[in-house]
$ cat upload.txt   # compact mmCIF, C-alpha atoms
# COMPACT_ATOMS: atom_id res chain seq x y z
CA MET B 1 13.76 34.49 18.68
CA GLU B 2 15.54 33.21 15.57
CA ILE B 3 13.72 30.57 13.53
CA GLN B 4 15.34 28.30 10.96
CA ILE B 5 13.72 25.49 8.98
CA LYS B 6 16.02 22.50 8.57
CA LYS B 7 15.62 19.03 7.08
CA ALA B 8 16.35 16.09 9.36
CA VAL B 9 19.23 13.85 8.24
CA LYS B 10 20.03 10.23 9.03
CA SER B 11 22.20 9.67 12.09
CA GLY B 12 22.76 5.99 12.87
CA ASN B 13 19.35 4.49 13.62
CA SER B 14 17.88 7.93 14.31
CA SER B 15 17.53 11.31 12.64
CA ALA B 16 19.25 14.56 13.52
CA VAL B 17 19.05 18.25 12.71
CA ILE B 18 22.25 20.16 11.95
CA LEU B 19 22.21 23.55 13.67
CA PRO B 20 24.50 26.61 13.48
CA LYS B 21 27.67 26.40 15.56
CA SER B 22 26.63 29.59 17.34
CA TRP B 23 23.69 27.69 18.84
CA LEU B 24 25.96 25.26 20.71
CA ASN B 25 24.93 24.72 24.37
CA LYS B 26 21.75 26.74 23.87
CA GLU B 27 18.21 25.49 24.30
CA VAL B 28 16.41 24.90 21.02
CA ARG B 29 12.92 23.73 20.15
CA VAL B 30 12.53 21.11 17.42
CA GLU B 31 9.10 21.05 15.82
CA LEU B 32 7.86 18.71 13.10
CA VAL B 33 6.55 20.69 10.14
CA GLU B 34 3.53 18.99 8.59
CA LYS B 35 3.20 19.34 4.83
CA SER B 36 0.07 21.06 3.60
CA PRO B 37 -1.77 19.75 0.51
CA GLU B 38 -0.60 22.87 -1.32
CA LYS B 39 3.03 22.14 -0.43
CA ILE B 40 2.72 18.51 -1.54
CA LEU B 41 1.14 19.57 -4.86
CA SER B 42 3.89 22.11 -5.49
CA GLU B 43 6.63 19.54 -4.85
CA VAL B 44 4.91 16.90 -6.99
CA LEU B 45 4.54 19.29 -9.93
CA ASN B 46 8.24 20.10 -9.67
CA ILE B 47 9.01 16.37 -9.91
CA VAL B 48 6.68 15.46 -12.77
CA GLY B 49 7.59 18.60 -14.70
CA ASN B 50 10.80 16.80 -15.62
CA TYR B 51 8.82 14.04 -17.34
CA LEU B 52 5.82 15.68 -18.98
CA ASP B 53 4.18 18.91 -20.07
CA LEU B 54 2.17 20.07 -17.04
CA LYS B 55 -0.64 21.14 -19.39
CA LYS B 56 -1.33 17.44 -20.05
CA ILE B 57 -2.17 16.77 -16.40
CA ILE B 58 -5.84 16.02 -15.72
CA GLY B 59 -5.56 15.58 -11.97
CA VAL B 60 -3.18 14.93 -9.06
CA TYR B 61 -4.26 12.74 -6.15
CA LEU B 62 -2.84 11.68 -2.81
CA VAL B 63 -3.14 7.90 -2.32
CA GLY B 64 -1.73 5.25 0.03
CA SER B 65 -1.21 5.63 3.77
CA TYR B 66 -1.38 9.45 3.74
CA ALA B 67 -4.74 9.37 1.96
CA ARG B 68 -6.07 6.87 4.53
CA GLY B 69 -4.64 8.80 7.48
CA GLU B 70 -2.48 5.80 8.44
CA GLU B 71 0.95 7.27 7.75
CA ASP B 72 3.81 6.93 10.20
CA GLU B 73 7.31 8.41 10.37
CA GLY B 74 8.60 5.89 7.82
CA SER B 75 5.79 6.33 5.28
CA ASP B 76 6.43 7.58 1.77
CA ILE B 77 4.00 9.98 0.14
CA ASP B 78 2.22 8.14 -2.69
CA ILE B 79 0.83 10.18 -5.56
CA LEU B 80 -1.31 9.32 -8.59
CA VAL B 81 -1.07 11.70 -11.55
CA LEU B 82 -3.68 11.29 -14.31
CA THR B 83 -2.84 12.64 -17.77
CA ASP B 84 -4.31 12.98 -21.23
CA ASP B 85 -2.01 10.50 -22.96
CA LEU B 86 1.15 9.71 -20.99
CA ASP B 87 1.96 6.63 -18.90
CA ARG B 88 5.09 6.16 -16.86
CA LYS B 89 6.38 3.64 -14.33
CA MET B 90 6.65 4.68 -10.71
CA ILE B 91 8.93 7.67 -10.11
CA SER B 92 10.61 7.53 -6.70
CA LYS B 93 12.23 10.76 -5.60
CA GLY B 94 12.95 11.59 -1.97
CA GLU B 95 9.86 10.79 0.07
CA TYR B 96 7.59 10.71 -3.00
CA ASN B 97 6.40 7.77 -5.11
CA VAL B 98 4.61 9.14 -8.17
CA LEU B 99 2.63 7.01 -10.63
CA ILE B 100 1.71 8.70 -13.93
CA LEU B 101 -1.26 7.15 -15.72
CA SER B 102 -3.18 8.15 -18.85
CA SER B 103 -6.97 8.29 -18.85
CA ASN B 104 -7.10 5.48 -21.45
CA LEU B 105 -4.90 3.11 -19.43
CA LEU B 106 -6.90 3.97 -16.31
CA LYS B 107 -10.10 2.82 -18.03
CA GLN B 108 -8.42 -0.38 -19.23
CA LYS B 109 -7.12 -1.19 -15.76
CA LEU B 110 -10.47 -0.63 -14.10
CA ASP B 111 -12.14 -2.82 -16.72
CA ARG B 112 -9.64 -5.72 -16.84
CA ASP B 113 -7.30 -5.63 -13.82
CA LEU B 114 -8.63 -3.83 -10.76
CA LEU B 115 -5.56 -3.90 -8.52
CA PRO B 116 -3.87 -1.72 -7.43
CA ILE B 117 -5.55 1.12 -9.33
CA GLY B 118 -9.08 0.45 -8.02
CA PRO B 119 -8.20 0.86 -4.33
CA MET B 120 -6.07 3.91 -5.21
CA ILE B 121 -9.03 5.67 -6.82
CA ARG B 122 -11.35 4.72 -3.95
CA GLU B 123 -9.02 6.16 -1.30
CA ALA B 124 -7.67 9.10 -3.35
CA LYS B 125 -7.64 12.61 -1.89
CA PRO B 126 -7.63 15.32 -4.56
CA LEU B 127 -4.75 17.76 -4.74
CA LEU B 128 -5.83 18.96 -8.18
CA ASN B 129 -9.20 18.44 -9.93
CA LEU B 130 -11.77 16.92 -7.57
CA SER B 131 -14.48 16.91 -10.25
CA TYR B 132 -12.62 14.42 -12.48
CA LEU B 133 -12.24 12.00 -9.58
CA ASP B 134 -16.00 12.05 -9.08
CA LEU B 135 -16.48 10.86 -12.67
CA ILE B 136 -14.37 7.70 -12.28
CA LYS B 137 -16.44 4.58 -11.62
CA VAL B 138 -14.75 1.76 -9.71
CA GLU B 139 -16.70 -1.49 -9.75
CA VAL B 140 -15.64 -5.03 -8.84
CA THR B 141 -16.57 -7.55 -11.55
CA LYS B 142 -15.69 -11.17 -12.26
CA LYS B 143 -13.65 -9.93 -15.20
CA ASN B 144 -11.41 -7.45 -13.41
CA VAL B 145 -10.58 -9.67 -10.41
CA SER B 146 -10.61 -13.10 -12.08
CA TRP B 147 -6.80 -13.39 -12.14
CA TYR B 148 -6.55 -12.72 -8.39
CA LEU B 149 -9.28 -15.23 -7.54
CA GLN B 150 -7.89 -17.97 -9.77
CA THR B 151 -4.28 -17.58 -8.61
CA THR B 152 -5.43 -17.52 -4.98
CA LYS B 153 -7.25 -20.81 -5.60
CA ASP B 154 -4.03 -22.23 -7.07
CA LYS B 155 -1.97 -21.08 -4.07
CA LEU B 156 -4.49 -22.58 -1.67
CA ARG B 157 -4.20 -25.94 -3.41
CA ILE B 158 -0.40 -25.87 -3.12
CA ILE B 159 -0.44 -24.84 0.54
CA LYS B 160 -3.08 -27.46 1.36
CA SER B 161 -0.78 -30.09 -0.10
CA ILE B 162 2.15 -28.82 1.97
CA LEU B 163 0.11 -28.78 5.19
CA SER B 164 -1.28 -32.27 4.61
CA ARG B 165 2.13 -33.80 3.89
CA THR B 166 4.38 -32.03 6.35
CA LYS B 167 5.27 -33.46 9.74
CA LEU B 168 7.20 -30.32 10.67
CA LYS B 169 5.95 -28.06 13.43
CA PHE B 170 7.42 -24.99 11.73
CA LEU B 171 7.38 -23.89 8.09
CA ASP B 172 9.35 -21.47 5.93
CA SER B 173 8.42 -17.79 6.26
CA ARG B 174 7.55 -17.76 2.56
CA ILE B 175 4.39 -19.66 3.49
CA ALA B 176 3.45 -16.78 5.79
CA TYR B 177 4.25 -14.29 3.04
CA THR B 178 2.06 -16.06 0.48
CA LEU B 179 -0.90 -16.44 2.83
CA VAL B 180 -0.77 -12.89 4.21
CA LEU B 181 -0.28 -11.36 0.76
CA ARG B 182 -3.30 -13.26 -0.58
CA ILE B 183 -5.42 -12.33 2.44
CA ARG B 184 -4.43 -8.68 1.90
CA THR B 185 -5.42 -8.89 -1.78
CA LEU B 186 -8.82 -10.45 -1.13
CA TYR B 187 -9.38 -8.11 1.82
CA LEU B 188 -9.05 -5.13 -0.55
CA ILE B 189 -11.38 -6.73 -3.10
CA ASN B 190 -13.95 -7.52 -0.41
CA LYS B 191 -13.84 -3.96 0.91
CA MET B 192 -14.45 -2.57 -2.58
CA ILE B 193 -17.40 -4.92 -3.11
CA LYS B 194 -18.94 -3.74 0.16
CA ASN B 195 -18.05 -0.07 -0.41
CA GLU B 196 -16.09 -0.01 2.85
CA LYS B 197 -12.80 1.71 3.58
CA PRO B 198 -9.81 -0.62 4.03
CA SER B 199 -7.57 -0.19 7.05
CA LYS B 200 -4.06 -1.48 7.57
CA LYS B 201 -4.78 -1.70 11.30
CA GLU B 202 -7.87 -3.84 10.69
CA LEU B 203 -5.96 -6.11 8.29
CA ILE B 204 -3.19 -6.68 10.83
CA GLU B 205 -5.79 -7.52 13.48
CA ILE B 206 -7.33 -10.08 11.12
CA ILE B 207 -3.93 -11.69 10.56
CA LYS B 208 -3.22 -11.76 14.29
CA SER B 209 -6.61 -13.19 15.26
CA THR B 210 -6.62 -15.91 12.58
CA SER B 211 -3.02 -16.99 13.16
CA GLY B 212 -2.99 -16.59 16.93
CA GLY B 213 -0.44 -13.80 17.22
CA GLU B 214 1.95 -11.41 15.48
CA ASN B 215 4.48 -13.96 14.26
CA ALA B 216 2.87 -14.64 10.87
CA TYR B 217 2.60 -10.95 9.98
CA ARG B 218 6.19 -10.36 11.04
CA GLY B 219 7.24 -13.31 8.89
CA TYR B 220 5.42 -11.69 5.97
CA LEU B 221 7.32 -8.44 6.58
CA ASP B 222 10.64 -10.30 6.77
CA VAL B 223 10.15 -11.63 3.25
CA LYS B 224 8.63 -8.41 1.89
CA ASN B 225 11.53 -6.30 3.18
CA ASN B 226 14.20 -8.86 2.19
CA SER B 227 15.27 -9.15 5.81
CA LYS B 228 18.27 -11.36 6.53
CA LYS B 229 16.40 -12.77 9.50
CA LYS B 230 13.53 -14.98 8.33
CA ARG B 231 11.27 -16.18 11.14
CA GLU B 232 9.44 -19.48 10.74
CA ILE B 233 5.69 -19.90 10.96
CA SER B 234 4.13 -22.76 12.90
CA SER B 235 1.92 -25.23 11.06
CA ASP B 236 -0.97 -24.22 13.33
CA GLU B 237 -0.52 -20.55 12.38
CA ALA B 238 -0.44 -21.50 8.70
CA ARG B 239 -3.63 -23.56 9.02
CA GLY B 240 -5.44 -20.66 10.67
CA LEU B 241 -4.48 -18.34 7.83
CA TYR B 242 -5.27 -21.00 5.23
CA ASP B 243 -8.78 -21.55 6.59
CA TYR B 244 -9.49 -17.81 6.71
CA LEU B 245 -8.25 -17.27 3.15
CA LYS B 246 -10.26 -20.22 1.84
CA ASN B 247 -13.45 -18.90 3.44
CA LEU B 248 -12.80 -15.35 2.22
CA LEU B 249 -12.32 -16.59 -1.34
CA SER B 250 -15.61 -18.50 -1.20
CA ASP B 251 -17.41 -15.46 0.21
CA ILE B 252 -16.15 -13.18 -2.57
CA LYS B 253 -17.12 -15.66 -5.28
CA MET B 254 -20.65 -15.83 -3.84
CA GLN B 255 -20.92 -12.03 -3.82
CA LEU B 256 -19.89 -11.84 -7.48
CA ASN B 257 -22.39 -14.48 -8.66
$ encode --input "upload.txt" --output "structure tokens"
Amino acid sequence: MEIQIKKAVKSGNSSAVILPKSWLNKEVRVELVEKSPEKILSEVLNIVGNYLDLKKIIGVYLVGSYARGEEDEGSDIDILVLTDDLDRKMISKGEYNVLILSSNLLKQKLDRDLLPIGPMIREAKPLLNLSYLDLIKVEVTKKNVSWYLQTTKDKLRIIKSILSRTKLKFLDSRIAYTLVLRIRTLYLINKMIKNEKPSKKELIEIIKSTSGGENAYRGYLDVKNNSKKKREISSDEARGLYDYLKNLLSDIKMQLN
């Protein structure tokens, strides 16, 4: 039996594997090859080697959906690379999104601005240097989440005004985007306070139960993905999300006092 490893390519709305002409009309078996941590590390080092001296790397960590075990066929592989002294904006290459962060900037972020680095560290799976990860302390304080709490309060005031004045049964999808995004942000903060693992599935269920269905979350995705089709959100759906967000904000403030 002849075995060949091929990379799937885009074909319309699907993917396809290009095979040798000699295989035409023959039965073949297509098997998805899962990437091992060692394979991911090797590919990441090949990418970041173009931007820094590998000797300056402190650790390499898998973050995002793959770290949480929530990846799907469309998920990118998110990587956090910690270094001695180099910072770099997100590098996107192929299926990888790589964030390079120095140890000094990491400390500043965790002290002054917890998101998104805090959740990344909490969910990180080590590909290189587990011991360093164990030394990083992630703690929610009034200082490092104050911006998120204050701006959420401001957004709630604006949305309350819209809901009290409008006579429309349906609202722009940007209302759904704002509410869902803020719920997602406070959800992550709340999970860190309680030392619990966040889950995309749980978050979606919260959105569905508080809004009465899937429409609000889909409206959020429409705006997030710059979709041409923007679905509206009903005023009742918006009020459900508004009430949940308001209560969640109050709960977090009480926990931080």
$ residues_near_point --input "upload.txt" --point "(-12.2, -1.8, -16.3)" --cutoff "9 Å" --atoms "all atoms listed in the file" --output "PyMOL selection string"
chain B and resi 106-114+137-141+143-144
$ closest_residue --input "upload.txt" --among "B:Tyr220, B:Tyr61, B:Tyr148, B:Phe170" --to "Ile204 (chain B)" --atoms "all atoms listed in the file"
B:Tyr220
$ atom_distance --input "upload.txt" --atom1 "CA of Glu237 (chain B)" --atom2 "CA of Ile193 (chain B)"
27.7 Å
$ closest_residue --input "upload.txt" --among "B:Asn247, B:Asn46, B:Ser227, B:Ser131" --to "Tyr187 (chain B)" --atoms "only C-alpha atoms"
B:Asn247
$ closest_residue --input "upload.txt" --among "B:Asn225, B:Asn104, B:Gln150, B:Asn25" --to "Arg182 (chain B)" --atoms "all atoms listed in the file"
B:Gln150
$ residues_around --input "upload.txt" --residues "Val223 (chain B)" --least-positions-apart "4" --cutoff "7 Å" --atoms "all atoms listed in the file" --output "number ranges by chain"
B: 174, 177, 219, 227, 230
$ closest_residue --input "upload.txt" --among "B:Gly240, B:Pro20, B:Gly49, B:Gly59" --to "Leu128 (chain B)" --atoms "all atoms listed in the file"
B:Gly59
$ residues_around --input "upload.txt" --residues "Pro198 (chain B)" --least-positions-apart "3" --cutoff "10 Å" --atoms "all atoms listed in the file" --output "JSON, numbers by chain"
{"B": [68, 119, 122, 123, 184, 187, 188, 189, 190, 191, 192, 195, 201, 202, 203]}
$ write_last_selection --input "upload.txt" --atoms "C-alpha atoms" --output "short mmCIF file (atom, residue, chain, number, x, y, z; two decimals), keeping the file's coordinate frame"
data_model
loop_
_atom_site.label_atom_id
_atom_site.label_comp_id
_atom_site.auth_asym_id
_atom_site.auth_seq_id
_atom_site.Cartn_x
_atom_site.Cartn_y
_atom_site.Cartn_z
CA ARG B 68 -6.07 6.87 4.53
CA PRO B 119 -8.20 0.86 -4.33
CA ARG B 122 -11.35 4.72 -3.95
CA GLU B 123 -9.02 6.16 -1.30
CA ARG B 184 -4.43 -8.68 1.90
CA TYR B 187 -9.38 -8.11 1.82
CA LEU B 188 -9.05 -5.13 -0.55
CA ILE B 189 -11.38 -6.73 -3.10
CA ASN B 190 -13.95 -7.52 -0.41
CA LYS B 191 -13.84 -3.96 0.91
CA MET B 192 -14.45 -2.57 -2.58
CA ASN B 195 -18.05 -0.07 -0.41
CA LYS B 201 -4.78 -1.70 11.30
CA GLU B 202 -7.87 -3.84 10.69
CA LEU B 203 -5.96 -6.11 8.29
#
